[in-house]
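For reference, protein.txt (compact mmCIF, C-alpha atoms and all ligand atoms):
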```txt
# COMPACT_ATOMS: atom_id res chain seq x y z
CA MET R 1 -24.41 -0.68 -8.89
CA SER R 2 -24.43 -3.07 -11.80
CA SER R 3 -21.74 -1.85 -14.20
CA GLU R 4 -18.10 -0.84 -13.76
CA ALA R 5 -18.93 2.67 -14.97
CA GLU R 6 -21.67 2.95 -12.36
CA VAL R 7 -19.26 1.94 -9.56
CA ARG R 8 -16.72 4.54 -10.68
CA GLU R 9 -19.36 7.30 -10.90
CA SER R 10 -20.63 6.44 -7.43
CA VAL R 11 -17.07 6.54 -5.99
CA LYS R 12 -16.36 9.86 -7.78
CA GLU R 13 -19.51 11.31 -6.23
CA TYR R 14 -18.40 10.01 -2.80
CA TYR R 15 -14.89 11.48 -2.89
CA GLY R 16 -15.73 14.50 -5.03
CA LYS R 17 -18.98 15.75 -3.52
CA LYS R 18 -20.02 13.90 -0.34
CA LEU R 19 -16.79 13.88 1.69
CA LYS R 20 -15.31 17.26 2.44
CA THR R 21 -12.83 16.12 5.12
CA VAL R 22 -11.87 12.93 6.93
CA ASN R 23 -14.47 13.78 9.63
CA ASP R 24 -17.29 13.05 7.15
CA LEU R 25 -16.42 9.33 6.95
CA GLU R 26 -19.04 6.98 8.41
CA THR R 27 -16.71 4.09 9.31
CA GLN R 28 -13.06 3.87 10.31
CA ALA R 29 -11.89 1.84 7.32
CA CYS R 30 -10.30 4.69 5.42
CA VAL R 31 -8.31 6.02 8.34
CA ALA R 32 -6.88 2.88 9.89
CA PRO R 33 -3.43 3.67 11.23
CA GLY R 34 -0.40 1.97 9.73
CA ARG R 35 2.84 0.62 11.17
CA LYS R 36 5.36 2.56 13.20
CA VAL R 37 6.92 5.50 11.44
CA THR R 38 10.61 6.42 11.30
CA ARG R 39 11.77 9.94 12.05
CA PRO R 40 12.39 11.02 8.40
CA VAL R 41 8.93 9.72 7.45
CA LYS R 42 7.25 11.47 10.39
CA GLU R 43 9.00 14.71 9.46
CA ALA R 44 8.00 14.43 5.79
CA ILE R 45 4.35 13.81 6.69
CA GLY R 46 4.50 16.69 9.18
CA LEU R 47 5.50 19.09 6.39
CA VAL R 48 2.38 18.40 4.31
CA HIS R 49 -0.12 21.29 4.22
CA GLU R 50 -3.07 20.84 6.59
CA VAL R 51 -5.69 21.33 3.85
CA VAL R 52 -4.21 18.32 2.02
CA THR R 53 -3.98 16.32 5.26
CA SER R 54 -7.60 17.10 6.19
CA LYS R 55 -8.66 15.18 3.06
CA TYR R 56 -6.45 12.17 3.72
CA TYR R 57 -8.46 8.94 3.48
CA GLY R 58 -5.71 6.31 3.57
CA CYS R 59 -5.75 3.10 5.62
CA GLY R 60 -2.05 2.43 6.16
CA LEU R 61 1.46 3.75 5.76
CA VAL R 62 2.57 3.43 2.15
CA ILE R 63 6.09 4.73 2.58
CA PRO R 64 8.60 1.91 2.05
CA GLU R 65 12.34 2.02 2.68
CA LYS R 66 15.05 3.55 0.47
CA LEU R 67 13.35 6.26 -1.55
CA GLU R 68 16.06 8.74 -2.56
CA GLY R 69 16.08 9.29 -6.34
CA MET R 70 13.16 6.88 -6.94
CA LYS R 71 10.40 7.24 -9.51
CA ILE R 72 7.08 6.55 -7.77
CA LEU R 73 3.47 6.25 -8.93
CA ASP R 74 0.57 6.61 -6.44
CA LEU R 75 -2.68 4.92 -7.54
CA GLY R 76 -5.72 6.93 -6.35
CA SER R 77 -3.63 9.75 -4.93
CA GLY R 78 -6.60 11.79 -3.64
CA SER R 79 -5.61 15.18 -2.23
CA GLY R 80 -1.97 14.04 -2.36
CA ARG R 81 -0.83 13.56 1.24
CA ASP R 82 1.27 10.48 0.53
CA CYS R 83 2.55 11.96 -2.75
CA PHE R 84 3.81 15.13 -1.06
CA ALA R 85 5.49 13.17 1.77
CA LEU R 86 7.10 10.91 -0.85
CA SER R 87 8.13 13.95 -2.90
CA LYS R 88 10.18 15.10 0.11
CA LEU R 89 11.67 11.63 0.68
CA VAL R 90 12.71 10.94 -2.94
CA GLY R 91 14.54 14.29 -3.02
CA PRO R 92 14.98 16.59 -6.03
CA ALA R 93 16.42 13.79 -8.18
CA GLY R 94 13.35 11.57 -7.68
CA HIS R 95 9.84 11.97 -9.05
CA VAL R 96 6.31 11.25 -7.84
CA THR R 97 3.21 10.97 -10.03
CA GLY R 98 -0.26 10.69 -8.52
CA ILE R 99 -3.16 9.42 -10.58
CA ASP R 100 -6.81 9.90 -9.61
CA MET R 101 -10.15 10.03 -11.42
CA THR R 102 -11.87 12.67 -9.24
CA ASP R 103 -11.48 16.32 -10.28
CA GLU R 104 -12.14 17.74 -6.81
CA GLN R 105 -9.30 15.64 -5.33
CA LEU R 106 -6.92 16.48 -8.19
CA ASP R 107 -7.72 20.20 -7.86
CA ILE R 108 -6.60 20.25 -4.22
CA ALA R 109 -3.46 18.21 -4.95
CA ARG R 110 -2.44 20.45 -7.88
CA GLU R 111 -3.17 23.65 -5.95
CA TYR R 112 -0.53 22.68 -3.34
CA ILE R 113 2.33 21.65 -5.66
CA GLY R 114 3.90 25.14 -5.52
CA TYR R 115 3.58 25.31 -1.72
CA HIS R 116 5.41 21.99 -1.20
CA THR R 117 8.08 22.65 -3.86
CA LYS R 118 9.00 25.83 -1.98
CA LYS R 119 8.71 24.20 1.45
CA PHE R 120 11.12 21.40 0.43
CA GLY R 121 13.55 23.92 -1.11
CA TYR R 122 13.33 22.49 -4.64
CA THR R 123 13.98 24.72 -7.63
CA LYS R 124 11.31 22.89 -9.66
CA PRO R 125 8.50 20.48 -8.79
CA ASN R 126 9.38 16.77 -8.66
CA ILE R 127 5.69 15.84 -8.61
CA ASP R 128 2.68 15.82 -10.93
CA PHE R 129 -0.93 14.68 -10.80
CA VAL R 130 -2.59 12.92 -13.71
CA LYS R 131 -6.31 12.44 -14.28
CA GLY R 132 -7.22 8.85 -15.14
CA TYR R 133 -8.42 5.44 -14.09
CA ILE R 134 -6.10 3.09 -12.24
CA GLU R 135 -7.47 0.22 -14.37
CA LYS R 136 -6.26 2.07 -17.50
CA LEU R 137 -2.83 3.46 -16.71
CA THR R 138 -1.57 3.25 -20.30
CA GLU R 139 -4.61 5.15 -21.56
CA ALA R 140 -3.83 7.88 -18.97
CA GLY R 141 -0.32 8.26 -20.48
CA ILE R 142 1.57 6.33 -17.80
CA GLN R 143 4.64 4.73 -19.42
CA SER R 144 5.35 0.99 -19.28
CA ASN R 145 8.42 -0.36 -17.44
CA ASN R 146 9.05 3.06 -15.96
CA TYR R 147 8.50 3.06 -12.17
CA ASP R 148 10.71 1.84 -9.32
CA ILE R 149 7.82 1.82 -6.85
CA ILE R 150 4.02 1.95 -6.99
CA VAL R 151 2.12 2.85 -3.83
CA SER R 152 -1.61 3.00 -3.20
CA ASN R 153 -3.54 3.79 -0.04
CA CYS R 154 -7.08 2.47 0.41
CA VAL R 155 -8.02 2.59 -3.27
CA VAL R 156 -7.84 -0.85 -4.91
CA ASN R 157 -10.92 -1.95 -2.91
CA LEU R 158 -12.87 0.84 -4.63
CA SER R 159 -12.07 -0.47 -8.10
CA PRO R 160 -14.64 -2.63 -9.89
CA ASP R 161 -11.77 -4.46 -11.72
CA LYS R 162 -8.96 -5.27 -9.32
CA LYS R 163 -7.20 -7.61 -11.74
CA ALA R 164 -6.86 -4.80 -14.30
CA VAL R 165 -5.36 -2.54 -11.61
CA LEU R 166 -2.75 -5.16 -10.68
CA GLN R 167 -2.02 -6.06 -14.31
CA GLU R 168 -1.51 -2.40 -15.28
CA SER R 169 0.67 -1.87 -12.19
CA TYR R 170 2.82 -4.82 -13.26
CA ASN R 171 3.17 -3.34 -16.76
CA VAL R 172 4.34 0.09 -15.64
CA LEU R 173 6.79 -1.18 -13.00
CA LYS R 174 10.43 -1.72 -13.98
CA GLU R 175 11.80 -5.22 -13.46
CA GLY R 176 12.70 -5.41 -9.78
CA GLY R 177 10.07 -2.73 -9.07
CA GLU R 178 7.82 -2.92 -6.05
CA LEU R 179 4.09 -2.49 -5.46
CA PHE R 180 3.77 -1.41 -1.82
CA PHE R 181 0.16 -0.81 -0.90
CA SER R 182 -2.35 -0.66 1.93
CA ASP R 183 -5.92 -1.76 1.42
CA VAL R 184 -8.97 -3.22 3.12
CA TYR R 185 -9.42 -7.03 3.00
CA ALA R 186 -12.25 -9.30 4.12
CA ASP R 187 -11.97 -12.73 5.74
CA ARG R 188 -14.27 -14.15 3.01
CA THR R 189 -15.74 -13.42 -0.41
CA LEU R 190 -18.46 -10.83 0.16
CA ASP R 191 -22.05 -11.45 -1.03
CA GLU R 192 -23.52 -9.50 -3.93
CA SER R 193 -25.97 -7.83 -1.50
CA ILE R 194 -22.97 -6.30 0.31
CA ARG R 195 -21.23 -5.36 -2.95
CA LYS R 196 -24.27 -3.31 -4.01
CA HIS R 197 -24.26 -1.12 -0.87
CA LYS R 198 -23.14 2.30 -2.15
CA VAL R 199 -22.16 3.82 1.20
CA LEU R 200 -20.23 0.73 2.34
CA TRP R 201 -18.47 0.62 -1.04
CA GLY R 202 -17.56 4.32 -0.76
CA GLU R 203 -16.31 3.68 2.79
CA CYS R 204 -13.81 1.10 1.44
CA ILE R 205 -15.64 -1.91 2.96
CA ALA R 206 -18.02 -3.45 0.39
CA GLY R 207 -15.39 -3.67 -2.38
CA ALA R 208 -12.82 -5.41 -0.18
CA LEU R 209 -11.14 -8.47 -1.67
CA TRP R 210 -11.00 -11.72 0.25
CA TRP R 211 -7.29 -11.67 1.21
CA LYS R 212 -6.70 -15.02 -0.57
CA GLU R 213 -7.88 -13.51 -3.86
CA LEU R 214 -4.94 -11.11 -3.80
CA HIS R 215 -2.57 -14.10 -3.74
CA THR R 216 -4.40 -15.70 -6.69
CA LEU R 217 -4.38 -12.49 -8.75
CA ALA R 218 -0.71 -11.80 -7.98
CA SER R 219 0.28 -15.27 -9.13
CA GLU R 220 -1.86 -15.10 -12.30
CA ILE R 221 -0.19 -11.81 -13.27
CA GLY R 222 3.37 -12.93 -12.49
CA PHE R 223 4.07 -10.89 -9.35
CA SER R 224 5.99 -12.35 -6.41
CA LYS R 225 3.99 -13.65 -3.51
CA PRO R 226 2.32 -10.72 -1.65
CA TYR R 227 4.41 -10.24 1.49
CA MET R 228 2.39 -9.04 4.49
CA VAL R 229 4.04 -6.01 6.08
CA SER R 230 1.41 -4.92 8.63
CA VAL R 231 -2.18 -5.63 9.64
CA THR R 232 -4.71 -3.47 11.52
CA PRO R 233 -8.25 -4.58 12.44
CA ILE R 234 -11.17 -2.51 11.16
CA PRO R 235 -14.12 -2.78 13.51
CA VAL R 236 -17.51 -1.85 12.03
CA ASP R 237 -19.62 -0.56 14.89
CA ARG R 238 -22.82 0.77 13.34
CA ASP R 239 -25.81 -1.57 13.73
CA ASP R 240 -27.26 -0.81 10.28
CA PHE R 241 -23.89 -1.66 8.66
CA LYS R 242 -23.51 -4.78 10.82
CA ALA R 243 -26.94 -5.94 9.64
CA VAL R 244 -25.71 -5.81 6.03
CA LEU R 245 -22.25 -7.27 6.69
CA GLY R 246 -23.22 -10.18 8.98
CA ASP R 247 -20.17 -11.95 10.42
CA ALA R 248 -17.68 -10.69 7.83
CA LYS R 249 -14.50 -9.31 9.34
CA PHE R 250 -12.26 -6.62 7.85
CA ALA R 251 -8.66 -5.57 8.25
CA SER R 252 -6.36 -3.08 6.66
CA VAL R 253 -3.26 -4.86 5.35
CA THR R 254 -0.10 -3.45 3.82
CA TYR R 255 1.50 -5.80 1.28
CA ARG R 256 4.64 -5.61 -0.82
CA LEU R 257 4.83 -7.43 -4.18
CA PHE R 258 7.74 -7.43 -6.62
CA LYS R 259 8.00 -7.66 -10.40
CA LEU R 260 10.70 -10.33 -10.51
CA PRO R 261 13.02 -11.43 -13.30
CA ALA R 262 12.15 -14.77 -14.94
CA LYS R 263 15.17 -16.50 -13.45
CA GLN R 264 14.69 -17.07 -9.71
CA SER R 265 17.64 -17.18 -7.32
CA GLU R 266 18.30 -19.94 -4.83
CA GLY R 267 17.81 -19.21 -1.14
CA THR R 268 20.78 -17.41 0.44
CA GLN R 269 22.08 -16.03 3.68
CA VAL R 270 21.84 -12.24 3.67
CA ILE R 271 23.53 -9.58 5.75
CA TYR R 272 21.92 -6.13 5.88
CA ASN R 273 24.41 -3.23 5.98
CA GLY R 274 22.23 -0.78 7.98
CA ASP R 275 22.81 2.04 5.48
CA ILE R 276 19.20 2.96 4.63
CA PRO R 277 18.36 6.26 6.42
CA GLY R 278 15.75 5.65 9.12
CA TYR R 279 16.45 1.89 9.15
CA GLU R 280 19.91 1.80 10.71
CA GLU R 281 19.04 -0.96 13.22
CA GLU R 282 17.02 -3.37 11.10
CA PHE R 283 15.20 -3.83 7.82
CA ASN R 284 11.78 -5.50 8.09
CA PHE R 285 11.15 -7.14 4.74
CA ASP R 286 7.74 -8.27 5.98
CA TYR R 287 6.07 -8.75 9.39
CA LYS R 288 8.17 -11.83 10.15
CA THR R 289 11.39 -11.33 8.16
CA LYS R 290 13.27 -8.91 10.39
CA LEU R 291 16.83 -8.49 9.18
CA LYS R 292 18.97 -6.96 11.91
CA THR R 293 21.98 -4.96 10.75
CA ASN R 294 25.10 -7.12 10.36
CA ASP R 295 23.25 -10.34 11.37
CA ILE R 296 23.30 -13.37 9.09
CA ASN R 297 19.78 -14.49 8.08
CA ALA R 298 18.71 -17.39 5.85
CA VAL R 299 16.05 -16.26 3.36
CA ASP R 300 14.21 -18.20 0.65
CA GLY R 301 14.72 -17.95 -3.11
CA SER R 302 11.79 -15.59 -3.61
CA ILE R 303 13.03 -13.05 -1.04
CA THR R 304 16.59 -13.41 -2.37
CA THR R 305 15.34 -12.71 -5.92
CA ALA R 306 13.32 -9.69 -4.75
CA LEU R 307 16.28 -8.25 -2.82
CA LYS R 308 18.76 -8.87 -5.66
CA ALA R 309 16.52 -7.51 -8.44
CA SER R 310 15.33 -4.41 -6.58
CA ARG R 311 16.78 -1.14 -5.30
CA PHE R 312 17.70 -3.03 -2.11
CA CYS R 313 20.42 -5.12 -3.80
CA GLU R 314 23.38 -2.95 -2.79
CA GLU R 315 22.24 -2.87 0.85
CA PHE R 316 22.79 -6.61 1.27
CA ASP R 317 25.66 -9.05 1.17
CA PHE R 318 24.47 -12.39 -0.28
CA GLN R 319 26.21 -15.58 0.82
CA PRO R 320 25.57 -19.22 -0.13
CA PRO R 321 22.95 -20.96 2.01
CA VAL R 322 24.03 -23.30 4.77
CA LYS R 323 22.68 -26.75 3.89
CA LYS R 324 19.71 -27.94 5.98
CA SER R 325 19.41 -24.63 7.80
CA CYS R 326 15.75 -24.30 6.88
CA GLY R 327 14.15 -27.59 7.85
CA ASP R 328 15.03 -31.18 7.07
CA SER R 329 14.87 -30.76 3.31
CA GLY R 330 17.31 -27.89 3.41
CA SER R 331 14.81 -25.78 1.48
CA CYS R 332 14.12 -22.29 2.77
CA GLU R 333 11.17 -21.77 0.41
CA ASP R 334 8.18 -20.28 2.21
CA SER R 335 5.38 -19.88 -0.27
CA LYS R 336 2.64 -20.13 2.37
CA ALA R 337 0.03 -17.38 2.16
CA GLU R 338 -0.35 -15.84 5.59
CA ASP R 339 -3.89 -15.17 6.79
CA PRO R 340 -4.04 -11.62 8.22
CA PHE R 341 -7.06 -12.55 10.36
CA VAL R 342 -5.19 -15.50 11.96
CA TYR R 343 -2.29 -13.10 12.56
CA LEU R 344 -4.65 -10.75 14.44
CA GLU R 345 -6.19 -13.64 16.44
CA GLU R 346 -2.76 -14.88 17.47
CA LYS R 347 -1.71 -11.40 18.55
CA ASN R 348 -4.94 -11.16 20.57
CA LYS R 349 -4.33 -14.51 22.26
CA LYS R 350 -0.86 -13.39 23.28
CA GLY R 351 -2.38 -10.19 24.68
CA GLU R 352 -0.47 -8.09 22.15
CA VAL R 353 -2.79 -5.28 21.18
CA VAL R 354 -2.92 -4.27 17.53
CA ALA R 355 -4.67 -0.90 17.71
CA PRO R 356 -7.91 -0.77 15.74
CA ALA R 357 -8.62 2.12 13.42
CA CYS R 358 -8.36 5.42 15.23
CA CYS R 359 -10.74 8.30 15.57
CA PRO R 360 -10.85 10.18 12.23
CA SER R 361 -9.84 13.52 13.66
CA SER R 362 -6.93 12.08 15.65
CA LYS R 363 -3.42 13.07 14.61
CA ALA R 364 -2.38 9.55 15.69
CA CYS R 365 -3.50 8.39 12.25
CA CYS R 366 -0.35 10.09 10.91
C1 LIG V 401 -10.14 6.39 -0.01
S1 LIG V 401 -9.57 7.63 -1.08
C2 LIG V 401 -7.84 7.54 -0.79
C3 LIG V 401 -7.10 8.73 -1.31
C4 LIG V 401 -5.61 8.78 -0.99
N1 LIG V 401 -4.92 7.58 -1.40
C5 LIG V 401 -5.42 9.04 0.49
O1 LIG V 401 -4.81 8.18 1.14
O2 LIG V 401 -5.87 10.06 0.98
C6 LIG V 401 -9.75 6.91 -2.67
C7 LIG V 401 -9.29 7.75 -3.85
O3 LIG V 401 -9.18 6.88 -4.99
C8 LIG V 401 -9.74 7.48 -6.12
N2 LIG V 401 -10.24 6.37 -6.97
C9 LIG V 401 -11.11 5.41 -6.63
N3 LIG V 401 -11.30 4.55 -7.64
C10 LIG V 401 -10.50 4.98 -8.66
C11 LIG V 401 -10.25 4.51 -10.00
N4 LIG V 401 -10.86 3.43 -10.44
N5 LIG V 401 -9.37 5.19 -10.77
C12 LIG V 401 -8.76 6.31 -10.29
N6 LIG V 401 -8.96 6.81 -9.05
C13 LIG V 401 -9.82 6.15 -8.24
C14 LIG V 401 -10.85 8.36 -5.58
O4 LIG V 401 -11.15 9.39 -6.47
C15 LIG V 401 -10.24 8.85 -4.27
O5 LIG V 401 -9.53 10.03 -4.45
```
Please express the file's structure as structure tokens.
Amino acid sequence: MSSEAEVRESVKEYYGKKLKTVNDLETQACVAPGRKVTRPVKEAIGLVHEVVTSKYYGCGLVIPEKLEGMKILDLGSGSGRDCFALSKLVGPAGHVTGIDMTDEQLDIAREYIGYHTKKFGYTKPNIDFVKGYIEKLTEAGIQSNNYDIIVSNCVVNLSPDKKAVLQESYNVLKEGGELFFSDVYADRTLDESIRKHKVLWGECIAGALWWKELHTLASEIGFSKPYMVSVTPIPVDRDDFKAVLGDAKFASVTYRLFKLPAKQSEGTQVIYNGDIPGYEEEFNFDYKTKLKTNDINAVDGSITTALKASRFCEEFDFQPPVKKSCGDSGSCEDSKAEDPFVYLEEKNKKGEVVAPACCPSSKACC
């Protein structure tokens, strides 16, 4: 696969013709389970039609907190499982748009709009599916500065131009908007010989970014630091695939990135009010920033800016920082890029099991 067009055609063939259901996948990359699900999320996913669910190829849970009334875009929406669950969670005042380049996937998604509109008791659909490339959102008619949230589930790795995908996402997000997405990452830059493997590319492995590259791209474009929300290992068991991949390791990681205003806030102490449905006890900003309801937590300037600029602002009380509460310098800034593979190793050492990707036909994949 030498050109971008060739990569896209090969992926279209994979998701349009080769795969009929999730059971046709040859690795577990595209069905890695995500983090724990809250009751409203579980219920919304449970309402999605089984034909749509049988063609779900995601690798994480791309349903963030506080969705009512939100305008959401799903990059590479496939048969629409996440879109339909989100359509329930945003309610009739919200809207979800899915964009995908593969006709066969779009046909299924569109066929089930009426079913879900009726099932959720809406008088008119709050969802639509657009044909287009995620590297060219404007060309597909997606409006700039228009979305509160962008989600994407196991798709960016399939793109031959990841920077364009992130740049276009930035353009169509409103200020304070969030890109919340799950994808496959490698622990290194993959060799060209791996990149050319059509099946491993289609399986969401060969196109994986080295996790550090995501941090570089995010900073070049102007996004906040990518905050790691959850990590799941992706074991590759087949000998013929292992022969191609060598020692490279893979994991599915869910990140959240924000389009921040130019002026950054100072670090603050924040108190979460516990009012977001499904998150009454605590709000996990990322895997290590767990904000218990009514507790006082010191957070850095970047997290403060993200919380203040986004839909989460009214859920928090912001108080001045206590001097020297975050190390000797008094600075709470934490710009360190966390390595998802070190995270998994540390969990392993402590004997805390992070479940690897599950069996494709298992309902446990949610
Ligand atoms: C692994 S599937 C995931 C589908 C869906 N997100 C899910 O979780 O079931 C990848 C999807 O992304 C779409 N896709 C891949 N590359 C794309 C691109 N460059 N532009 C638009 N869609 C793309 C494919 O057509 C396919 O439907």
Please identify all polymer residues within 6 Å of stretch 291-297 of chain R, counting all atoms listed in the file, omitting same-chain residues fewer than 5 positions from it, and present them as a PyMOL selection string.
-> chain R and resi 269-274+281-284
Grab me every residue within 6 Å of ligand LIG 401 (chain V), counting only C-alpha atoms and all ligand atoms, and send it over as a ChimeraX atom specification.
-> /R:8,12,15,30,56-58,76-78,100-102,105,132-134,152-155,158-159
Which one of R:Lys212, R:Arg110, R:Lys20, R:Lys119 sits closest to R:Arg188 if you count all atoms listed in the file?
->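 Ranking R:Lys212, R:Arg110, R:Lys20, R:Lys119 by distance to R:Arg188, first place goes to R:Lys212.
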Given the choices R:Cys83, R:Ala5, R:Ile63, R:Val236, which gets closest to R:Leu179 if the distance is worked out from all atoms listed in the file?
->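 For R:Leu179, the nearest of the given residues is R:Ile63.
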Which residues, written as an MDAnalysis selection string, have at least one atom at most 10 Å from R:Gln143, with only C-alpha atoms counted and residues fewer than 5 positions away on the same chain left out?
-> chainID R and resid 137:138 171:173
Test item: which residues lie within 9 Å of (3.2, -0.9, -2.7) counting all atoms listed in the file, as a PyMOL selection string = chain R and resi 62-64+74+149-153+178-182+254-258
Just write the chosen residues, C-alpha atoms, as an mmCIF file, in the frame of the given file.
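Below you can see part11.cif, which holds the result:
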```cif
data_model
loop_
_atom_site.group_PDB
_atom_site.id
_atom_site.type_symbol
_atom_site.label_atom_id
_atom_site.label_comp_id
_atom_site.auth_asym_id
_atom_site.auth_seq_id
_atom_site.Cartn_x
_atom_site.Cartn_y
_atom_site.Cartn_z
ATOM 1 C CA VAL R 62 2.570 3.430 2.150
ATOM 2 C CA ILE R 63 6.090 4.730 2.580
ATOM 3 C CA PRO R 64 8.600 1.910 2.050
ATOM 4 C CA ASP R 74 0.570 6.610 -6.440
ATOM 5 C CA ILE R 149 7.820 1.820 -6.850
ATOM 6 C CA ILE R 150 4.020 1.950 -6.990
ATOM 7 C CA VAL R 151 2.120 2.850 -3.830
ATOM 8 C CA SER R 152 -1.610 3.000 -3.200
ATOM 9 C CA ASN R 153 -3.540 3.790 -0.040
ATOM 10 C CA GLU R 178 7.820 -2.920 -6.050
ATOM 11 C CA LEU R 179 4.090 -2.490 -5.460
ATOM 12 C CA PHE R 180 3.770 -1.410 -1.820
ATOM 13 C CA PHE R 181 0.160 -0.810 -0.900
ATOM 14 C CA SER R 182 -2.350 -0.660 1.930
ATOM 15 C CA THR R 254 -0.100 -3.450 3.820
ATOM 16 C CA TYR R 255 1.500 -5.800 1.280
ATOM 17 C CA ARG R 256 4.640 -5.610 -0.820
ATOM 18 C CA LEU R 257 4.830 -7.430 -4.180
ATOM 19 C CA PHE R 258 7.740 -7.430 -6.620
#
```
Calculate how many Å separate atom CA of R:Thr189 from atom CA of R:Trp210, rounding to one decimal.
->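 Atom CA of R:Trp210 lies at a distance of 5.1 Å from atom CA of R:Thr189.
Using all atoms listed in the file, the protein and nucleic acid residues lying no more than 12 Å from R:Lys196, apart from those fewer than 6 places from it along its own chain, are Met1, Ser2, Ser3, Glu4, Glu6, Val7, Ser10, Pro160, Leu190, Gly202, Ile205, Ala206, Gly207, Val244 and Leu245 of chain R.
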So which one's closest to R:Asp128, R:His116, R:Lys288, R:His95, R:Lys225? Using only C-alpha atoms, please.
->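 The shortest atom-to-atom distance to R:Asp128 comes from R:His95.
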Give the answer as one residue: which of R:Ala306, R:Leu209, R:Ala85, R:Ile276 has the shortest atom-to-atom distance to R:Lys263, using only C-alpha atoms?
->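 Closest residue, counting only C-alpha atoms: R:Ala306.
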Judged by all atoms listed in the file, the minimum distance to R:Lys55 among R:Thr289, R:Asn23, R:Thr97, R:Thr38 is found for R:Asn23
